[in-house]
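I have placed the structure first, in the form of structure tokens, so that the comments after it can refer back to it.
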Amino acid sequence: MEGHSTSDEDSEPASSSFNSRSPHSSTSSVPPRAEDWDRTLRHIGLEDFGKALENATKAVYPNGKTSRYSRVYVLLICWETQDPQLPVECEIRGLRNVLENVYNYDVEEFRIPDSESHAEVSEKINSFVKVGGNSSNDLKIVYYAGHSRLSCTKELVWSTLPEKKNAKCPIVIWSGIQRSLEMAQSDVLILLDCCSSGVAHASEGRGLTEVICACPFDSKANGVGQYSFTQALTTELRLLSKKPGFSVGELYTSVYTRMQSFLAQGIENESYPPPVHFAFTQEEFLRRSIVLSIQDPQVRGERESEANSSKRRSFENSDELGSKQENGCDDVRRSIPKDSLYPLDAPRALFAVRFKDDLRAEDLSVELFRDWLRAIPAAAEEVCIEAGFKCFSTLVFITVPISMRAYVPDNPAIFYLGTV
């Protein structure tokens, strides 16, 4: 997993809560690409941008609808040989309990062997894609927790140990394997709790693929503990289970807000990396999101024996998630740590948009743009015009809820500037 760090690669962290899944890989200065300069000359029409915002809003807010999926299959992945400094097993156990006993999803775990690691994971993912007949009516969820790093070609590589000089260990080149999931007929949700996980490698897939990563590109994720991505994910899934249905965009916003609500403590290796959300699909004109909700318990029973079914525990009686029996992970299960300001208002995503429409300077007032937004009912309450400028073309700064960021279409005239 990724996490912030202020020390060099060989120093030991002061607290296991900030024990990262992998150190930074080396960075280098890269000159601007030709397409980056070309984007400053691109423009989009007001009407086209309005439609894009409306589609993004509808994708994030499903209006109380439940999940459309007949079956939801979950694959939880970690290494068979685990780093003692990163005991991810206890957090995986808590996540599995929520997915299996609250949401009634079909959950299985896969331990990556030290021998033929890449081939074994590739084979497992290919077989997982075929589960349930690779139906477009199903959802596949893949989760990984453990160490990772970036290769020299900027691909995400899973490993058994943190990257250290002259150290060799089993690895899995995940970026290539992920494409098998993107080519599945079913929609896919990928959850990565590892370092440098915010790498967007997307191919031309068939269904909808969404990815939530523990941290941005080439940065560290926090280790096991109350500050980890998995802890926030598990907590928010429990809380959101009370809703009829919620989009992955909503889940991302909840996890993001929780992870960014901690107060600085001034300790070594302190870090609160923001999670990252991507959405990949060929459906350029039909923006939608994966919607999660509790499944009918009867739908999930075909792959389980009655013995396992009788051991299910209800959500109301699952307080032992926080018991000390889980390898000393009692502090991991606290919903709101003492050093947290949660809940804070969720941040907003700031975009700069170049319009080709010939707008006069007096038309660039925020009030007049609000009138334009009222013509887009779904987006009117979610989009804010922050500022507008005119110089040969029209440049407008717009903020939207961060949950909508991944669903705003990839257009060279639309620049994502960050969160505010």
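Each chain in the structure tokens gets a letter, A, B and so on, in the order shown; residues start at 1 in every chain, and ligands are counted from 1 in the order they appear.
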
Requested in this report: Please report, as a ChimeraX atom specification, each residue of segment 158-201 of chain A to which DSSP assigns strand (DSSP E or B) when run on this structure's backbone.
Outcome: /A:158-159,171-173,187-193,198

Query raised in the report: Which polymer residues have any atom within 8 Å of an atom of segment 167-173 of chain A, counting only C-alpha atoms, with same-chain residues fewer than 3 positions away left out, as a list in words?
Result: Asp114, Ser115, Ser117, His118, Val121, Glu155, Leu156, Val157, Trp158, Ser159, Thr160, Leu161, Glu163, Lys164, Gly176 and Ile177 of chain A

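Look at Ser136 of chain A: the protein and nucleic acid residues within 7 Å of it, using only C-alpha atoms and passing over chain neighbours fewer than 5 places away, are Gln185, Ser186 and Asp187 of chain A.
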
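Note that atom CA of Arg354 of chain A and atom CA of Leu395 of chain A are 4.6 Å apart.
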
Query - 9 Å contact set for Pro244 of chain A, only C-alpha atoms, chain neighbours under 6 positions out, as an NGL selection string - result: :A and (64-67 or 292-294)

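Residues in contact with Pro401 of chain A at 7 Å, where only C-alpha atoms are counted and same-chain residues fewer than 4 positions away are skipped, are listed as Pro347, Arg348, Ala349 and Glu382 of chain A.
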
Give me the residues within 12 Å of Pro62 of chain A as a PDB file with C-alpha atoms, in the first residue's frame, counting only C-alpha atoms and dropping any in the same chain fewer than 5 places off.
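As written to disk, out22.pdb reads:
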```pdb
ATOM      1  CA  ASN A  55     -24.377  12.183 -17.718  1.00  0.00           C
ATOM      2  CA  ALA A  56     -21.732  12.364 -14.996  1.00  0.00           C
ATOM      3  CA  THR A  57     -24.310  13.449 -12.424  1.00  0.00           C
ATOM      4  CA  SER A  67     -27.750  -2.797  -7.931  1.00  0.00           C
ATOM      5  CA  ARG A  68     -28.692  -4.205 -11.334  1.00  0.00           C
ATOM      6  CA  LYS A 243     -28.766   2.661   1.624  1.00  0.00           C
ATOM      7  CA  PRO A 244     -30.843   0.925  -1.100  1.00  0.00           C
ATOM      8  CA  GLY A 245     -27.898   1.362  -3.447  1.00  0.00           C
ATOM      9  CA  PHE A 246     -24.878   3.597  -3.953  1.00  0.00           C
ATOM     10  CA  SER A 247     -22.454   4.254  -6.785  1.00  0.00           C
ATOM     11  CA  VAL A 248     -18.735   3.582  -6.693  1.00  0.00           C
ATOM     12  CA  GLY A 249     -18.358   7.343  -6.990  1.00  0.00           C
ATOM     13  CA  GLU A 250     -20.201   7.767  -3.689  1.00  0.00           C
ATOM     14  CA  ARG A 287     -22.004   7.415 -18.660  1.00  0.00           C
ATOM     15  CA  ARG A 288     -22.905   5.175 -15.770  1.00  0.00           C
ATOM     16  CA  SER A 289     -21.349   3.892 -12.588  1.00  0.00           C
ATOM     17  CA  ILE A 290     -21.203   0.549 -10.881  1.00  0.00           C
ATOM     18  CA  VAL A 291     -23.937   0.514  -8.221  1.00  0.00           C
ATOM     19  CA  LEU A 292     -23.497  -1.609  -5.100  1.00  0.00           C
ATOM     20  CA  SER A 293     -26.243  -2.858  -2.798  1.00  0.00           C
ATOM     21  CA  ALA A 378     -29.431  16.798 -13.064  1.00  0.00           C
TER      22      ALA A 378
END
```

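Atom pair atom CA of Val420 of chain A / atom CA of Leu350 of chain A: separated by 6.6 Å.
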
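Using only C-alpha atoms for every distance, the candidate list A:Thr234, A:Gln260, A:Gln295, A:Thr253 yields A:Thr253 as the residue closest to Arg405 of chain A.
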
Report task. Could you find all residues in segment 137-218 of chain A that DSSP calls helix (DSSP H, G or I) from the backbone, and write them as a VMD selection string? Result -> chain A and resid 174 to 182

Requested in this report: Find the residues near Asn104 of chain A: any atom within 8 Å, counting only C-alpha atoms, skip ones fewer than 3 places away on the same chain, and give them as a list in words.
Outcome: Leu99, Glu100, Asn101, Ile294, Gln295, Asp296, Pro297 and Arg300 of chain A

Determine, for each residue of segment 76-187 of chain A having at least one atom at most 9 Å from an atom of segment 193-197 of chain A, the closest pair of atoms and their separation in Å to one decimal, counting only C-alpha atoms; order by chain and ascending number, as a Markdown table.
```
| residue | atom | partner | partner_atom | distance |
| --- | --- | --- | --- | --- |
| A:Tyr143 | CA | A:Asp193 | CA | 7.7 |
| A:Tyr144 | CA | A:Asp193 | CA | 6.0 |
| A:Ala145 | CA | A:Asp193 | CA | 4.8 |
| A:Gly146 | CA | A:Cys194 | CA | 5.6 |
| A:His147 | CA | A:Cys194 | CA | 5.7 |
| A:Ser148 | CA | A:Cys195 | CA | 5.3 |
| A:Arg149 | CA | A:Ser196 | CA | 5.9 |
| A:Leu150 | CA | A:Ser196 | CA | 6.4 |
| A:Leu156 | CA | A:Ser197 | CA | 6.7 |
| A:Val157 | CA | A:Ser196 | CA | 9.0 |
| A:Trp158 | CA | A:Cys194 | CA | 8.2 |
```

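The coordinates place atom CA of Leu181 of chain A at 7.9 Å from atom CA of Thr209 of chain A.
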
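Here the question is which of A:Ser241, A:Ser122, A:Thr235, A:Asn137 gets nearest to Tyr103 of chain A using only C-alpha atoms, and that residue is A:Ser241.
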